[in-house]
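Enquirer: The structure that follows is given in the form of structure tokens.
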Amino acid sequence: MGKAIIGGGYVVSARHMNPVASTAAAAANPLNLLNFTASSKTGNAFPLDLIVVTEDHEATCWGCGLRLLLSSYTPVYKCGWCGAITKPNMHKHESKCFRWRHLRDRCFVCILIIFMLFVICGGVLAVYPVIFSISYFYGIFHSTIALILSVSTLSTFSLAAFCCAGTPPNMTWGSYPVVGKGSLENYTFCHYCSKPKSHRTHHCRSCGMCILDMDHHCPFIGNCVGAANHQYFIAFLISAVISTTYVAIMSLYSGFHIWPPLTYRSLGRLNGSGADSGIIAMKEIIIAFMSSAVHLSLRGIVLVYLFVSSVSVEIGLSVLLWQQLCFVYEGKTYLSHLSSQGDDAAGDRDCRNLLRFFGCPYFASRYFTSFSTSMKRHKK
């Protein structure tokens with residue numbers, strides 16, 4: 001049973017109403033108290049009774065300040081005037097690990113910056129002497145590509161890591177004459193930041209602030225991925241995947257030119273055909289390859305490490321990039337995807353979500369809209 005205080009120590013009692021239903025709309029006009037009616041679940045209107053307030057059931061809407069009376073078992077209720085959702089059983093808990101999380105993020109950022117600088121510098125010192133020895137033109141060409149990829153990767157990483165992830169807009173709350181009807185619709189109260197929080201906003205305990213359209217907190221950039229830096233984060237992933245692919249190819253190409261010659265012991269004396277001969281030949285090649293690896297120079301060892309590390313990082317970043325693009329295509333974030341897993345309603349999956357996300361011009365979005373529409377009609 002939901003109740004709203006009208007004044008003078010009396011309340012309006014709505015029998016048989018949903019506890020989450022609107023309860024404070026009658027407070028907007030106390031003079032018309034006797035004419036106020038409420039609708040039940042069946043839609044029938046009935047008069048409301050006047051009863052005396054008891055302290056056990058009093059509650060205050062944090063959004064507009066109106067006093068409400070609810071059943072003691074009601075865990076969540078919504079104000080009928082401002083639309084704010086109140087969770088009276090939620091209490092603020094200060095995070096004692098905030099400094100450790102912040103230190104962890106800074107360590108991850110430093111490690112990632114060191115790794116990127118090592119890949120750039122190590123690739124230049126190990127790969128490009130080999131490339132320039134083959135052809136001066138190839139050396140200039142690949143140096144230009146390496147410079148472009150290095151600048152784009154480092155710049156997008158810096159923007160994603162050091163830009164604000166997105167702060168929610170400031171909302172007026174707390175006073176009934178100031179807060180308009182429905183101005184805090186479906187807003188909740190953040191007990192950490194002590195301010196309203198929309199359904200698109202989530203509080204990050206690692207950053208210690210509310211983030212608008214928060215996707216996730218990434219320790220490797222030491223920052224949240226939100227509305228303000230989500231584009232930079234995906235641009236960094238794209239640039240990093242292209243860069244690691246390029247480093248892997250160039251390391252393999254340079255290593256092929258400086259690898260010591262292979263020495264086979266009995267590969268030329270193989271007779272016959274079949275699975276046994278193929279297995280023996282494969283073993284001989286592997287043994288010869290490992291034997292020649294012992295005579296690798298320092299440059300060759302650096303090239304091997306660059307190839308293995310680049311391929312490993314490329315696989316992980318490619319999976320993350322694909323996941324992010326799928327969420328953008330569905331018009332969701334990672335957190336909204338988790339919160340909607342139990343819902344049957346599917347999001348609007350469309351290429352226009354990708355175009356809007358990357359800020360494509362209007363004519364491009366219009367072209368893709370007509371193209372996708374024609375494709376859907378063709379499928380039908």
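Labels for the structure tokens follow display order: chains A, B, ..., residues from 1 in each chain, ligands from 1.
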For A:Ile258, please output as a list in words all residues within 10 Å (counting only C-alpha atoms; exclusion window: fewer than 3 positions along the same chain).
Expert: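 Here the answer would be Val130, Tyr253, Ser254, Gly255, Pro261, Leu296, Ser297, Arg299, Gly300 and Leu303 of chain A.
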Enquirer: Hey, can you spit out that residue selection with N, CA and C atoms as a PDB file, in the first residue's frame?
Expert:
ATOM      1  N   VAL A 130      68.071  -4.295 -41.645  1.00  0.00           N
ATOM      2  CA  VAL A 130      67.897  -5.350 -42.634  1.00  0.00           C
ATOM      3  C   VAL A 130      67.116  -4.832 -43.837  1.00  0.00           C
ATOM      4  N   TYR A 253      59.760 -11.277 -41.738  1.00  0.00           N
ATOM      5  CA  TYR A 253      60.482 -11.025 -42.992  1.00  0.00           C
ATOM      6  C   TYR A 253      61.972 -10.785 -42.734  1.00  0.00           C
ATOM      7  N   SER A 254      62.283  -9.988 -41.715  1.00  0.00           N
ATOM      8  CA  SER A 254      63.686  -9.708 -41.404  1.00  0.00           C
ATOM      9  C   SER A 254      64.381 -10.938 -40.833  1.00  0.00           C
ATOM     10  N   GLY A 255      63.665 -11.685 -39.987  1.00  0.00           N
ATOM     11  CA  GLY A 255      64.261 -12.899 -39.445  1.00  0.00           C
ATOM     12  C   GLY A 255      64.565 -13.935 -40.504  1.00  0.00           C
ATOM     13  N   PRO A 261      71.777 -20.600 -41.848  1.00  0.00           N
ATOM     14  CA  PRO A 261      71.347 -21.674 -42.765  1.00  0.00           C
ATOM     15  C   PRO A 261      71.062 -22.964 -42.012  1.00  0.00           C
ATOM     16  N   LEU A 296      71.890 -17.914 -33.400  1.00  0.00           N
ATOM     17  CA  LEU A 296      71.269 -16.614 -33.680  1.00  0.00           C
ATOM     18  C   LEU A 296      72.046 -15.487 -33.011  1.00  0.00           C
ATOM     19  N   SER A 297      72.078 -14.353 -33.691  1.00  0.00           N
ATOM     20  CA  SER A 297      72.670 -13.151 -33.110  1.00  0.00           C
ATOM     21  C   SER A 297      71.673 -12.474 -32.177  1.00  0.00           C
ATOM     22  N   ARG A 299      70.328  -9.627 -32.581  1.00  0.00           N
ATOM     23  CA  ARG A 299      69.259  -9.065 -33.404  1.00  0.00           C
ATOM     24  C   ARG A 299      68.221 -10.124 -33.735  1.00  0.00           C
ATOM     25  N   GLY A 300      68.671 -11.338 -34.020  1.00  0.00           N
ATOM     26  CA  GLY A 300      67.734 -12.415 -34.308  1.00  0.00           C
ATOM     27  C   GLY A 300      66.884 -12.777 -33.108  1.00  0.00           C
ATOM     28  N   LEU A 303      64.218 -10.185 -32.802  1.00  0.00           N
ATOM     29  CA  LEU A 303      63.185 -10.382 -33.814  1.00  0.00           C
ATOM     30  C   LEU A 303      62.230 -11.505 -33.426  1.00  0.00           C
TER      31      LEU A 303
END
Enquirer: DSSP on the backbone, then: every residue of stretch 167-222 of chain A marked strand (DSSP E), written as a list of chain:residue names.
Expert: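 Answer for stretch 167-222 of chain A restricted to strand (DSSP E) is A:Thr188, A:Phe189, A:Cys190, A:Lys195, A:Pro196, A:Lys197, A:Thr201, A:His202, A:His203, A:Cys204, A:Met209, A:Cys210, A:Ile211, A:Leu212, A:His216, A:His217, A:Cys218.
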Enquirer: Let me see the file: selected residues, C-alpha atoms, as a PDB file, in the first residue's frame.
Expert:
ATOM      1  CA  THR A 188      18.550   6.703  -8.717  1.00  0.00           C
ATOM      2  CA  PHE A 189      20.777   8.202  -6.047  1.00  0.00           C
ATOM      3  CA  CYS A 190      24.506   7.519  -6.016  1.00  0.00           C
ATOM      4  CA  LYS A 195      24.035  13.100  -6.519  1.00  0.00           C
ATOM      5  CA  PRO A 196      21.409  11.786  -8.979  1.00  0.00           C
ATOM      6  CA  LYS A 197      22.374   8.996 -11.339  1.00  0.00           C
ATOM      7  CA  THR A 201      25.312   6.230 -15.549  1.00  0.00           C
ATOM      8  CA  HIS A 202      27.327   3.853 -13.404  1.00  0.00           C
ATOM      9  CA  HIS A 203      29.609   4.545 -10.481  1.00  0.00           C
ATOM     10  CA  CYS A 204      33.177   3.289 -10.857  1.00  0.00           C
ATOM     11  CA  MET A 209      33.207   8.902  -9.759  1.00  0.00           C
ATOM     12  CA  CYS A 210      30.078   8.354 -11.834  1.00  0.00           C
ATOM     13  CA  ILE A 211      30.657   7.704 -15.549  1.00  0.00           C
ATOM     14  CA  LEU A 212      28.116   8.427 -18.271  1.00  0.00           C
ATOM     15  CA  HIS A 216      33.974  -0.962 -18.366  1.00  0.00           C
ATOM     16  CA  HIS A 217      36.984   0.039 -16.317  1.00  0.00           C
ATOM     17  CA  CYS A 218      40.180  -0.835 -18.161  1.00  0.00           C
TER      18      CYS A 218
END
Enquirer: Write out as an mmCIF file with all heavy atoms, in the first residue's frame each polymer residue whose atoms come within 10 Å of A:Ser310, counting only C-alpha atoms; drop sequence neighbours fewer than 5 positions from it.
Expert:
data_model
loop_
_atom_site.group_PDB
_atom_site.id
_atom_site.type_symbol
_atom_site.label_atom_id
_atom_site.label_comp_id
_atom_site.auth_asym_id
_atom_site.auth_seq_id
_atom_site.Cartn_x
_atom_site.Cartn_y
_atom_site.Cartn_z
ATOM 1 N N VAL A 119 58.645 -2.085 -28.323
ATOM 2 C CA VAL A 119 58.306 -2.609 -29.646
ATOM 3 C C VAL A 119 58.714 -1.621 -30.733
ATOM 4 O O VAL A 119 59.275 -2.008 -31.775
ATOM 5 C CB VAL A 119 56.795 -2.915 -29.721
ATOM 6 C CG1 VAL A 119 56.373 -3.228 -31.148
ATOM 7 C CG2 VAL A 119 56.453 -4.090 -28.812
ATOM 8 N N ALA A 240 46.330 -0.398 -32.606
ATOM 9 C CA ALA A 240 47.223 -1.379 -31.998
ATOM 10 C C ALA A 240 47.193 -2.709 -32.745
ATOM 11 O O ALA A 240 48.231 -3.359 -32.928
ATOM 12 C CB ALA A 240 46.837 -1.591 -30.535
ATOM 13 N N VAL A 241 46.008 -3.135 -33.209
ATOM 14 C CA VAL A 241 45.916 -4.388 -33.973
ATOM 15 C C VAL A 241 46.677 -4.268 -35.294
ATOM 16 O O VAL A 241 47.425 -5.175 -35.691
ATOM 17 C CB VAL A 241 44.439 -4.754 -34.216
ATOM 18 C CG1 VAL A 241 44.315 -5.872 -35.235
ATOM 19 C CG2 VAL A 241 43.782 -5.175 -32.906
ATOM 20 N N SER A 243 49.147 -2.211 -35.904
ATOM 21 C CA SER A 243 50.574 -2.070 -35.605
ATOM 22 C C SER A 243 51.209 -3.412 -35.253
ATOM 23 O O SER A 243 52.312 -3.734 -35.718
ATOM 24 C CB SER A 243 50.768 -1.081 -34.453
ATOM 25 O OG SER A 243 50.265 0.192 -34.799
ATOM 26 N N THR A 244 50.542 -4.198 -34.415
ATOM 27 C CA THR A 244 51.108 -5.500 -34.048
ATOM 28 C C THR A 244 51.160 -6.445 -35.250
ATOM 29 O O THR A 244 52.106 -7.242 -35.381
ATOM 30 C CB THR A 244 50.281 -6.129 -32.923
ATOM 31 O OG1 THR A 244 48.885 -6.117 -33.268
ATOM 32 C CG2 THR A 244 50.483 -5.379 -31.611
ATOM 33 N N THR A 245 50.174 -6.361 -36.132
ATOM 34 C CA THR A 245 50.216 -7.167 -37.357
ATOM 35 C C THR A 245 51.401 -6.766 -38.227
ATOM 36 O O THR A 245 52.128 -7.622 -38.766
ATOM 37 C CB THR A 245 48.910 -7.007 -38.144
ATOM 38 O OG1 THR A 245 47.807 -7.360 -37.314
ATOM 39 C CG2 THR A 245 48.903 -7.895 -39.376
ATOM 40 N N TYR A 246 51.623 -5.475 -38.344
ATOM 41 C CA TYR A 246 52.752 -4.980 -39.132
ATOM 42 C C TYR A 246 54.086 -5.399 -38.515
ATOM 43 O O TYR A 246 55.004 -5.826 -39.239
ATOM 44 C CB TYR A 246 52.657 -3.463 -39.244
ATOM 45 C CG TYR A 246 53.822 -2.817 -39.948
ATOM 46 C CD1 TYR A 246 53.931 -2.874 -41.331
ATOM 47 C CD2 TYR A 246 54.805 -2.143 -39.223
ATOM 48 C CE1 TYR A 246 55.001 -2.286 -41.987
ATOM 49 C CE2 TYR A 246 55.880 -1.550 -39.866
ATOM 50 C CZ TYR A 246 55.968 -1.633 -41.244
ATOM 51 O OH TYR A 246 57.033 -1.057 -41.892
ATOM 52 N N VAL A 247 54.195 -5.297 -37.205
ATOM 53 C CA VAL A 247 55.445 -5.689 -36.531
ATOM 54 C C VAL A 247 55.698 -7.176 -36.707
ATOM 55 O O VAL A 247 56.843 -7.614 -36.948
ATOM 56 C CB VAL A 247 55.384 -5.310 -35.040
ATOM 57 C CG1 VAL A 247 56.554 -5.917 -34.279
ATOM 58 C CG2 VAL A 247 55.398 -3.802 -34.882
ATOM 59 N N ALA A 248 54.663 -7.997 -36.595
ATOM 60 C CA ALA A 248 54.833 -9.447 -36.758
ATOM 61 C C ALA A 248 55.307 -9.785 -38.168
ATOM 62 O O ALA A 248 56.214 -10.623 -38.355
ATOM 63 C CB ALA A 248 53.525 -10.160 -36.439
ATOM 64 N N ILE A 249 54.722 -9.136 -39.184
ATOM 65 C CA ILE A 249 55.108 -9.421 -40.570
ATOM 66 C C ILE A 249 56.544 -8.979 -40.836
ATOM 67 O O ILE A 249 57.348 -9.723 -41.436
ATOM 68 C CB ILE A 249 54.127 -8.739 -41.541
ATOM 69 C CG1 ILE A 249 52.737 -9.360 -41.407
ATOM 70 C CG2 ILE A 249 54.627 -8.841 -42.986
ATOM 71 C CD1 ILE A 249 51.675 -8.660 -42.223
ATOM 72 N N SER A 251 58.963 -8.508 -38.633
ATOM 73 C CA SER A 251 59.904 -9.317 -37.856
ATOM 74 C C SER A 251 60.132 -10.666 -38.539
ATOM 75 O O SER A 251 61.269 -11.154 -38.610
ATOM 76 C CB SER A 251 59.362 -9.534 -36.442
ATOM 77 O OG SER A 251 59.197 -8.302 -35.775
ATOM 78 N N VAL A 304 62.768 -12.590 -32.866
ATOM 79 C CA VAL A 304 61.909 -13.686 -32.422
ATOM 80 C C VAL A 304 60.966 -13.217 -31.325
ATOM 81 O O VAL A 304 59.761 -13.528 -31.321
ATOM 82 C CB VAL A 304 62.756 -14.878 -31.955
ATOM 83 C CG1 VAL A 304 61.881 -15.946 -31.298
ATOM 84 C CG2 VAL A 304 63.520 -15.483 -33.121
ATOM 85 N N TYR A 305 61.504 -12.456 -30.365
ATOM 86 C CA TYR A 305 60.654 -11.947 -29.280
ATOM 87 C C TYR A 305 59.593 -10.991 -29.817
ATOM 88 O O TYR A 305 58.426 -11.033 -29.390
ATOM 89 C CB TYR A 305 61.503 -11.244 -28.231
ATOM 90 C CG TYR A 305 60.678 -10.610 -27.148
ATOM 91 C CD1 TYR A 305 60.142 -11.374 -26.123
ATOM 92 C CD2 TYR A 305 60.415 -9.234 -27.154
ATOM 93 C CE1 TYR A 305 59.362 -10.809 -25.130
ATOM 94 C CE2 TYR A 305 59.637 -8.653 -26.167
ATOM 95 C CZ TYR A 305 59.115 -9.442 -25.164
ATOM 96 O OH TYR A 305 58.347 -8.881 -24.191
ATOM 97 N N ILE A 315 46.269 -11.156 -30.980
ATOM 98 C CA ILE A 315 45.128 -12.049 -30.778
ATOM 99 C C ILE A 315 44.200 -11.505 -29.691
ATOM 100 O O ILE A 315 42.980 -11.436 -29.847
ATOM 101 C CB ILE A 315 45.609 -13.473 -30.446
ATOM 102 C CG1 ILE A 315 46.340 -14.075 -31.638
ATOM 103 C CG2 ILE A 315 44.442 -14.354 -30.026
ATOM 104 C CD1 ILE A 315 46.988 -15.415 -31.347
#
Enquirer: I'd like the contact shell of A:Thr172 - 10 Å cut-off, only C-alpha atoms, skipping same-chain residues fewer than 4 positions apart - returned as a VMD selection string.
Expert: chain A and resid 63 to 64 178 to 180 183 to 184 195 to 196
Enquirer: Kindly give the distance, in Å, that separates atom CA of A:Phe157 and atom CA of A:His230, rounded to a single decimal.
Expert: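 It comes out at 11.3 Å.
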Enquirer: Which neighbours of A:Lys87 fall inside 12 Å, counting only C-alpha atoms, when residues of the same chain fewer than 5 positions from it are skipped, and could you give them as an MDAnalysis selection string?
Expert: chainID A and resid 20 59:63 73:79 92 186:191
Enquirer: For A:Asp215, which of A:Leu335, A:Leu237, A:Leu355, A:Val109 is the closest residue, counting only C-alpha atoms?
Expert: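 Going through A:Leu335, A:Leu237, A:Leu355, A:Val109 one by one, the smallest distance to A:Asp215 is for A:Leu335.
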Enquirer: Provide the atom CA of A:Val124 to atom CA of A:Val151 distance in Å, to one decimal place.
Expert: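 Distance between the two atoms: 14.1 Å.
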Enquirer: Mind giving me the straight-line distance from atom CA of A:Tyr176 to atom CA of A:Ser198 in Å, one decimal?
Expert: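 Value for the atom CA of A:Tyr176-atom CA of A:Ser198 distance: 19.0 Å.
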